[in-house]
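Student: One structure is given below, represented as structure tokens, and several questions about it will come after.
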Amino acid sequence: MNKGLFIRIVDGLEQFFPFFQQRKDATGRWGLTALQKCTAAIRLLAYGNSADTVDEYLRLGESTALSCLHHFTDGIIQLFGDEYLRRPTAEDLQRLLDMGEKRGFPGMVGSIDCMHWEWKNCPTAWKGQYVRGHGKPTIVLEVVASQDLWIWHTFFGLPGTLNDLNVLNRSPLFDDLLEGRAPRVRYMVNNHMYKLAYYLTDEGESSRTSKVLNANPTLNEIPTILNNIFPNRNDLRDRQTHERLKNDLIENIWNKFGDED
């Protein structure tokens, strides 16, 4: 976490929540600062340590550290939830499309990837379904993020034996699209019209089937005849469309940036 973000969180919690405001105790001595309390909570969240591990470093006892953690999570939800814990609006999606267009990827609404988080205390009886080969038990986190590191989608909890495509098949990422709740988008790439936006992915397991994933359509034009316009899962997996889009994007990027040194 960068310093600016950390200070913003500390100042916001200190301003609006009495628990984080420094006060004097019965003897007239100043109590803990908002910096100490927020640091304790973030360390517990980030590292999964026990509550008494911050005692010497921050001079907080176990019960106080746990109290900081509970107040911190509640405060974050109340203070920042409306802005950050939400679905993207039409304005957000337009901004994402504009960002993609500027970078040479018309119709791109973010990047998708999966990562494995080690499960240190995985029960022995469950180890087989969470371990790949001779590794350690892991839990998979699927994330969609934009260039400015805004995370728009997370899906967490599947066992580490699954690859990226298995996770994607179980993910609710495309539910709005398949159930007719997502707006539509049209865009041109290399003089070809496309009706589905897409996510970019890297050369990991998911790209063995698809390097560019067709994704949720975006923006405004909500259709009235549903049966003929909302795509099904076969449309999302259309190999021919995928290959054409990939080749068109290569041509578009070359035409846009090929003359640059």
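Just so we're on the same page: first chain in the structure tokens is A, next is B, and so on; residues restart at 1 for each chain, and ligands are numbered from 1 in the order they show up.
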Would you return as a PDB file with N, CA and C atoms, in the first residue's frame the members of region 12-259 of chain A that DSSP assigns to strand (DSSP E or B) on this structure's backbone?

Tutor:
ATOM      1  N   LYS A  24      -7.242  11.080  25.931  1.00  0.00           N
ATOM      2  CA  LYS A  24      -6.520  10.855  27.177  1.00  0.00           C
ATOM      3  C   LYS A  24      -7.266   9.843  28.036  1.00  0.00           C
ATOM      4  N   TRP A  30      -1.998  10.351  27.050  1.00  0.00           N
ATOM      5  CA  TRP A  30      -2.575  10.155  25.725  1.00  0.00           C
ATOM      6  C   TRP A  30      -2.617   8.677  25.365  1.00  0.00           C
ATOM      7  N   MET A 108     -11.859  -3.113 -25.058  1.00  0.00           N
ATOM      8  CA  MET A 108     -11.280  -3.783 -23.897  1.00  0.00           C
ATOM      9  C   MET A 108     -11.740  -3.111 -22.606  1.00  0.00           C
ATOM     10  N   VAL A 109     -12.231  -3.911 -21.649  1.00  0.00           N
ATOM     11  CA  VAL A 109     -12.771  -3.357 -20.407  1.00  0.00           C
ATOM     12  C   VAL A 109     -11.985  -3.806 -19.179  1.00  0.00           C
ATOM     13  N   GLY A 110     -10.777  -4.320 -19.367  1.00  0.00           N
ATOM     14  CA  GLY A 110      -9.962  -4.717 -18.225  1.00  0.00           C
ATOM     15  C   GLY A 110      -9.122  -5.939 -18.521  1.00  0.00           C
ATOM     16  N   SER A 111      -8.319  -6.316 -17.555  1.00  0.00           N
ATOM     17  CA  SER A 111      -7.474  -7.501 -17.660  1.00  0.00           C
ATOM     18  C   SER A 111      -7.904  -8.511 -16.609  1.00  0.00           C
ATOM     19  N   ILE A 112      -7.842  -9.798 -16.954  1.00  0.00           N
ATOM     20  CA  ILE A 112      -8.278 -10.857 -16.053  1.00  0.00           C
ATOM     21  C   ILE A 112      -7.128 -11.817 -15.798  1.00  0.00           C
ATOM     22  N   ASP A 113      -7.039 -12.295 -14.564  1.00  0.00           N
ATOM     23  CA  ASP A 113      -6.010 -13.271 -14.229  1.00  0.00           C
ATOM     24  C   ASP A 113      -6.429 -13.999 -12.962  1.00  0.00           C
ATOM     25  N   CYS A 114      -5.803 -15.144 -12.734  1.00  0.00           N
ATOM     26  CA  CYS A 114      -6.010 -15.925 -11.515  1.00  0.00           C
ATOM     27  C   CYS A 114      -4.692 -16.060 -10.773  1.00  0.00           C
ATOM     28  N   MET A 115      -4.755 -16.040  -9.468  1.00  0.00           N
ATOM     29  CA  MET A 115      -3.563 -16.250  -8.657  1.00  0.00           C
ATOM     30  C   MET A 115      -3.890 -17.229  -7.536  1.00  0.00           C
ATOM     31  N   HIS A 116      -2.863 -17.886  -7.026  1.00  0.00           N
ATOM     32  CA  HIS A 116      -3.034 -18.898  -5.990  1.00  0.00           C
ATOM     33  C   HIS A 116      -2.525 -18.360  -4.648  1.00  0.00           C
ATOM     34  N   TRP A 117      -3.390 -18.419  -3.644  1.00  0.00           N
ATOM     35  CA  TRP A 117      -3.026 -18.008  -2.289  1.00  0.00           C
ATOM     36  C   TRP A 117      -2.794 -19.254  -1.440  1.00  0.00           C
ATOM     37  N   GLU A 118      -1.646 -19.303  -0.793  1.00  0.00           N
ATOM     38  CA  GLU A 118      -1.316 -20.460   0.025  1.00  0.00           C
ATOM     39  C   GLU A 118      -2.252 -20.564   1.226  1.00  0.00           C
ATOM     40  N   THR A 138      -3.431 -24.418  -1.950  1.00  0.00           N
ATOM     41  CA  THR A 138      -3.710 -23.041  -2.346  1.00  0.00           C
ATOM     42  C   THR A 138      -5.190 -22.868  -2.648  1.00  0.00           C
ATOM     43  N   ILE A 139      -5.644 -21.627  -2.560  1.00  0.00           N
ATOM     44  CA  ILE A 139      -7.002 -21.230  -2.925  1.00  0.00           C
ATOM     45  C   ILE A 139      -6.883 -20.217  -4.055  1.00  0.00           C
ATOM     46  N   VAL A 140      -7.746 -20.325  -5.056  1.00  0.00           N
ATOM     47  CA  VAL A 140      -7.631 -19.506  -6.267  1.00  0.00           C
ATOM     48  C   VAL A 140      -8.422 -18.216  -6.118  1.00  0.00           C
ATOM     49  N   LEU A 141      -7.807 -17.117  -6.531  1.00  0.00           N
ATOM     50  CA  LEU A 141      -8.455 -15.810  -6.604  1.00  0.00           C
ATOM     51  C   LEU A 141      -8.478 -15.356  -8.055  1.00  0.00           C
ATOM     52  N   GLU A 142      -9.676 -15.127  -8.596  1.00  0.00           N
ATOM     53  CA  GLU A 142      -9.837 -14.574  -9.946  1.00  0.00           C
ATOM     54  C   GLU A 142     -10.135 -13.089  -9.837  1.00  0.00           C
ATOM     55  N   VAL A 143      -9.436 -12.278 -10.625  1.00  0.00           N
ATOM     56  CA  VAL A 143      -9.555 -10.826 -10.519  1.00  0.00           C
ATOM     57  C   VAL A 143      -9.637 -10.207 -11.911  1.00  0.00           C
ATOM     58  N   VAL A 144     -10.491  -9.187 -12.041  1.00  0.00           N
ATOM     59  CA  VAL A 144     -10.497  -8.310 -13.211  1.00  0.00           C
ATOM     60  C   VAL A 144     -10.117  -6.913 -12.737  1.00  0.00           C
ATOM     61  N   ALA A 145      -9.112  -6.326 -13.360  1.00  0.00           N
ATOM     62  CA  ALA A 145      -8.650  -4.996 -12.968  1.00  0.00           C
ATOM     63  C   ALA A 145      -8.406  -4.150 -14.203  1.00  0.00           C
ATOM     64  N   ILE A 151      -9.940  -2.689  -9.054  1.00  0.00           N
ATOM     65  CA  ILE A 151     -10.412  -4.073  -9.156  1.00  0.00           C
ATOM     66  C   ILE A 151     -11.929  -4.064  -9.291  1.00  0.00           C
ATOM     67  N   TRP A 152     -12.422  -4.584 -10.425  1.00  0.00           N
ATOM     68  CA  TRP A 152     -13.851  -4.551 -10.719  1.00  0.00           C
ATOM     69  C   TRP A 152     -14.544  -5.878 -10.463  1.00  0.00           C
ATOM     70  N   HIS A 153     -13.804  -6.923 -10.276  1.00  0.00           N
ATOM     71  CA  HIS A 153     -14.417  -8.237 -10.067  1.00  0.00           C
ATOM     72  C   HIS A 153     -13.445  -9.119  -9.315  1.00  0.00           C
ATOM     73  N   THR A 154     -13.951  -9.843  -8.320  1.00  0.00           N
ATOM     74  CA  THR A 154     -13.162 -10.863  -7.634  1.00  0.00           C
ATOM     75  C   THR A 154     -14.022 -12.103  -7.446  1.00  0.00           C
ATOM     76  N   PHE A 155     -13.386 -13.240  -7.520  1.00  0.00           N
ATOM     77  CA  PHE A 155     -14.043 -14.523  -7.289  1.00  0.00           C
ATOM     78  C   PHE A 155     -13.033 -15.406  -6.576  1.00  0.00           C
ATOM     79  N   PHE A 156     -13.319 -15.740  -5.325  1.00  0.00           N
ATOM     80  CA  PHE A 156     -12.312 -16.362  -4.466  1.00  0.00           C
ATOM     81  C   PHE A 156     -12.882 -17.592  -3.777  1.00  0.00           C
ATOM     82  N   GLY A 157     -12.045 -18.623  -3.641  1.00  0.00           N
ATOM     83  CA  GLY A 157     -12.434 -19.750  -2.815  1.00  0.00           C
ATOM     84  C   GLY A 157     -12.332 -21.112  -3.457  1.00  0.00           C
ATOM     85  N   LEU A 158     -12.100 -21.186  -4.771  1.00  0.00           N
ATOM     86  CA  LEU A 158     -12.021 -22.491  -5.418  1.00  0.00           C
ATOM     87  C   LEU A 158     -10.679 -23.164  -5.121  1.00  0.00           C
ATOM     88  N   PRO A 159     -10.642 -24.501  -5.120  1.00  0.00           N
ATOM     89  CA  PRO A 159      -9.413 -25.214  -4.759  1.00  0.00           C
ATOM     90  C   PRO A 159      -8.302 -25.025  -5.783  1.00  0.00           C
ATOM     91  N   TYR A 187     -18.230  -1.740 -31.545  1.00  0.00           N
ATOM     92  CA  TYR A 187     -16.988  -1.035 -31.828  1.00  0.00           C
ATOM     93  C   TYR A 187     -16.336  -1.642 -33.063  1.00  0.00           C
ATOM     94  N   MET A 188     -15.479  -0.849 -33.692  1.00  0.00           N
ATOM     95  CA  MET A 188     -14.794  -1.277 -34.907  1.00  0.00           C
ATOM     96  C   MET A 188     -13.326  -1.519 -34.602  1.00  0.00           C
ATOM     97  N   VAL A 189     -12.801  -2.624 -35.134  1.00  0.00           N
ATOM     98  CA  VAL A 189     -11.361  -2.893 -35.083  1.00  0.00           C
ATOM     99  C   VAL A 189     -10.932  -3.354 -36.470  1.00  0.00           C
ATOM    100  N   HIS A 192     -13.672  -4.109 -38.916  1.00  0.00           N
ATOM    101  CA  HIS A 192     -14.609  -5.174 -38.572  1.00  0.00           C
ATOM    102  C   HIS A 192     -15.427  -4.756 -37.351  1.00  0.00           C
ATOM    103  N   MET A 193     -16.730  -5.029 -37.410  1.00  0.00           N
ATOM    104  CA  MET A 193     -17.628  -4.670 -36.309  1.00  0.00           C
ATOM    105  C   MET A 193     -17.697  -5.807 -35.291  1.00  0.00           C
ATOM    106  N   TYR A 194     -17.636  -5.443 -33.999  1.00  0.00           N
ATOM    107  CA  TYR A 194     -17.761  -6.413 -32.907  1.00  0.00           C
ATOM    108  C   TYR A 194     -18.836  -5.941 -31.935  1.00  0.00           C
ATOM    109  N   TYR A 198     -14.261  -7.306 -24.334  1.00  0.00           N
ATOM    110  CA  TYR A 198     -13.404  -8.430 -23.970  1.00  0.00           C
ATOM    111  C   TYR A 198     -12.461  -8.035 -22.830  1.00  0.00           C
ATOM    112  N   TYR A 199     -11.929  -9.072 -22.181  1.00  0.00           N
ATOM    113  CA  TYR A 199     -10.860  -8.922 -21.195  1.00  0.00           C
ATOM    114  C   TYR A 199      -9.567  -9.462 -21.797  1.00  0.00           C
ATOM    115  N   LEU A 200      -8.464  -8.843 -21.436  1.00  0.00           N
ATOM    116  CA  LEU A 200      -7.164  -9.364 -21.833  1.00  0.00           C
ATOM    117  C   LEU A 200      -6.624 -10.291 -20.757  1.00  0.00           C
ATOM    118  N   VAL A 212      -7.467 -13.720 -25.779  1.00  0.00           N
ATOM    119  CA  VAL A 212      -8.385 -12.599 -25.589  1.00  0.00           C
ATOM    120  C   VAL A 212      -9.764 -13.170 -25.320  1.00  0.00           C
ATOM    121  N   LEU A 213     -10.283 -12.911 -24.138  1.00  0.00           N
ATOM    122  CA  LEU A 213     -11.561 -13.485 -23.743  1.00  0.00           C
ATOM    123  C   LEU A 213     -12.691 -12.548 -24.105  1.00  0.00           C
ATOM    124  N   ASN A 214     -13.677 -13.016 -24.846  1.00  0.00           N
ATOM    125  CA  ASN A 214     -14.890 -12.233 -25.028  1.00  0.00           C
ATOM    126  C   ASN A 214     -15.536 -12.031 -23.683  1.00  0.00           C
TER     127      ASN A 214
END

Student: Under the rule that only C-alpha atoms are counted, which of A:Glu91, A:Glu251, A:Asp259, A:Asp148 is the nearest residue to Gly104 (chain A)?

Tutor: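 Under the stated criterion, the closest residue is A:Glu251.
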
Student: Rounded to one decimal in Å, what is the spacing between CA of Asn166 (chain A) and CA of Ser146 (chain A)?

Tutor: 22.7 Å

Student: Apply DSSP to the backbone of this structure and, from region 44-192 of chain A, keep only the residues in helix (DSSP H, G or I); write these as a ChimeraX atom specification.

Tutor: /A:44-47,51-58,62-84,90-102,124-130,164-170,175-178

Student: Arg87 (chain A): which residues within 12 Å, counting only C-alpha atoms, same-chain residues fewer than 2 positions away excluded, as a list in words?

Tutor: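 The residues satisfying every condition are Gly81, Asp82, Glu83, Tyr84, Leu85, Thr89, Ala90, Glu91, Asp92, Leu93, Trp150, Ile151, Trp152, His153, Thr154, Leu173, Asp176 and Ala182 of chain A.
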
Student: Might you pull out every residue within 12 Å of Gly61 (chain A), with only C-alpha atoms counted and same-chain residues fewer than 6 positions away left off, and present them as number ranges by chain?

Tutor: A: 32, 36-37, 40, 50-55, 67-68

Student: Could you dump the residues just selected with N, CA and C atoms as a PDB file, in the first residue's frame?

Tutor:
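See again22.pdb below for the written result:
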ATOM      1  N   LEU A  32      -3.697   5.554  22.317  1.00  0.00           N
ATOM      2  CA  LEU A  32      -3.171   5.147  21.028  1.00  0.00           C
ATOM      3  C   LEU A  32      -3.625   6.089  19.915  1.00  0.00           C
ATOM      4  N   GLN A  36      -1.364   4.042  14.867  1.00  0.00           N
ATOM      5  CA  GLN A  36      -1.090   2.767  15.519  1.00  0.00           C
ATOM      6  C   GLN A  36      -2.230   1.771  15.287  1.00  0.00           C
ATOM      7  N   LYS A  37      -3.449   2.241  15.451  1.00  0.00           N
ATOM      8  CA  LYS A  37      -4.601   1.339  15.330  1.00  0.00           C
ATOM      9  C   LYS A  37      -4.766   0.840  13.895  1.00  0.00           C
ATOM     10  N   ALA A  40      -1.963  -1.653  12.975  1.00  0.00           N
ATOM     11  CA  ALA A  40      -2.212  -2.969  13.573  1.00  0.00           C
ATOM     12  C   ALA A  40      -3.242  -3.754  12.778  1.00  0.00           C
ATOM     13  N   SER A  50      -1.378 -13.627  14.298  1.00  0.00           N
ATOM     14  CA  SER A  50      -2.201 -13.601  15.503  1.00  0.00           C
ATOM     15  C   SER A  50      -2.195 -12.202  16.086  1.00  0.00           C
ATOM     16  N   ALA A  51      -3.199 -11.902  16.894  1.00  0.00           N
ATOM     17  CA  ALA A  51      -3.391 -10.527  17.369  1.00  0.00           C
ATOM     18  C   ALA A  51      -2.283 -10.046  18.290  1.00  0.00           C
ATOM     19  N   ASP A  52      -1.573 -10.956  18.938  1.00  0.00           N
ATOM     20  CA  ASP A  52      -0.547 -10.513  19.883  1.00  0.00           C
ATOM     21  C   ASP A  52       0.823 -10.278  19.236  1.00  0.00           C
ATOM     22  N   THR A  53       0.915 -10.442  17.910  1.00  0.00           N
ATOM     23  CA  THR A  53       2.210 -10.261  17.249  1.00  0.00           C
ATOM     24  C   THR A  53       2.596  -8.791  17.082  1.00  0.00           C
ATOM     25  N   VAL A  54       1.644  -7.874  17.232  1.00  0.00           N
ATOM     26  CA  VAL A  54       1.953  -6.444  17.070  1.00  0.00           C
ATOM     27  C   VAL A  54       2.202  -5.776  18.416  1.00  0.00           C
ATOM     28  N   ASP A  55       2.294  -6.560  19.472  1.00  0.00           N
ATOM     29  CA  ASP A  55       2.421  -6.017  20.825  1.00  0.00           C
ATOM     30  C   ASP A  55       3.681  -5.165  20.958  1.00  0.00           C
ATOM     31  N   SER A  67      -9.845  -5.490  18.559  1.00  0.00           N
ATOM     32  CA  SER A  67     -10.836  -4.409  18.498  1.00  0.00           C
ATOM     33  C   SER A  67     -10.518  -3.455  17.351  1.00  0.00           C
ATOM     34  N   CYS A  68      -9.232  -3.166  17.139  1.00  0.00           N
ATOM     35  CA  CYS A  68      -8.829  -2.310  16.018  1.00  0.00           C
ATOM     36  C   CYS A  68      -9.227  -2.937  14.687  1.00  0.00           C
TER      37      CYS A  68
END

Student: Can you tell me which residues surround Phe6 (chain A) at a distance of at most 12 Å, considering only C-alpha atoms, apart from same-chain residues fewer than 6 positions away, and format the answer as a list in words?

Tutor: Gly12, Leu13, Ala34, Leu35, Gln36, Cys38, Thr39, Ala41, Ile42 and Ile76 of chain A

Student: In Å, with one decimal, what is the gap from CA of Thr124 (chain A) to CA of Ala46 (chain A)?

Tutor: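 Computed distance, CA of Thr124 (chain A) to CA of Ala46 (chain A), equals 24.4 Å.
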
Student: What does the distance from CA of Glu243 (chain A) to CA of Asp202 (chain A) come to in Å, to one decimal?

Tutor: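 Taking CA of Glu243 (chain A) as the start and CA of Asp202 (chain A) as the end point, the length is 15.6 Å.
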
Student: A:Asn255, A:Asn247, A:Thr161, A:Thr73: which is nearest Leu45 (chain A), counting only C-alpha atoms?

Tutor: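 Checking each of A:Asn255, A:Asn247, A:Thr161, A:Thr73 against Leu45 (chain A), counting only C-alpha atoms, the winner is A:Thr73.
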
Student: Taking only C-alpha atoms into account, which of A:Arg59, A:Arg43, A:Arg244, A:Lys120 comes nearest Lys136 (chain A)?

Tutor: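 Ranked by minimum distance to Lys136 (chain A), first place goes to A:Lys120.
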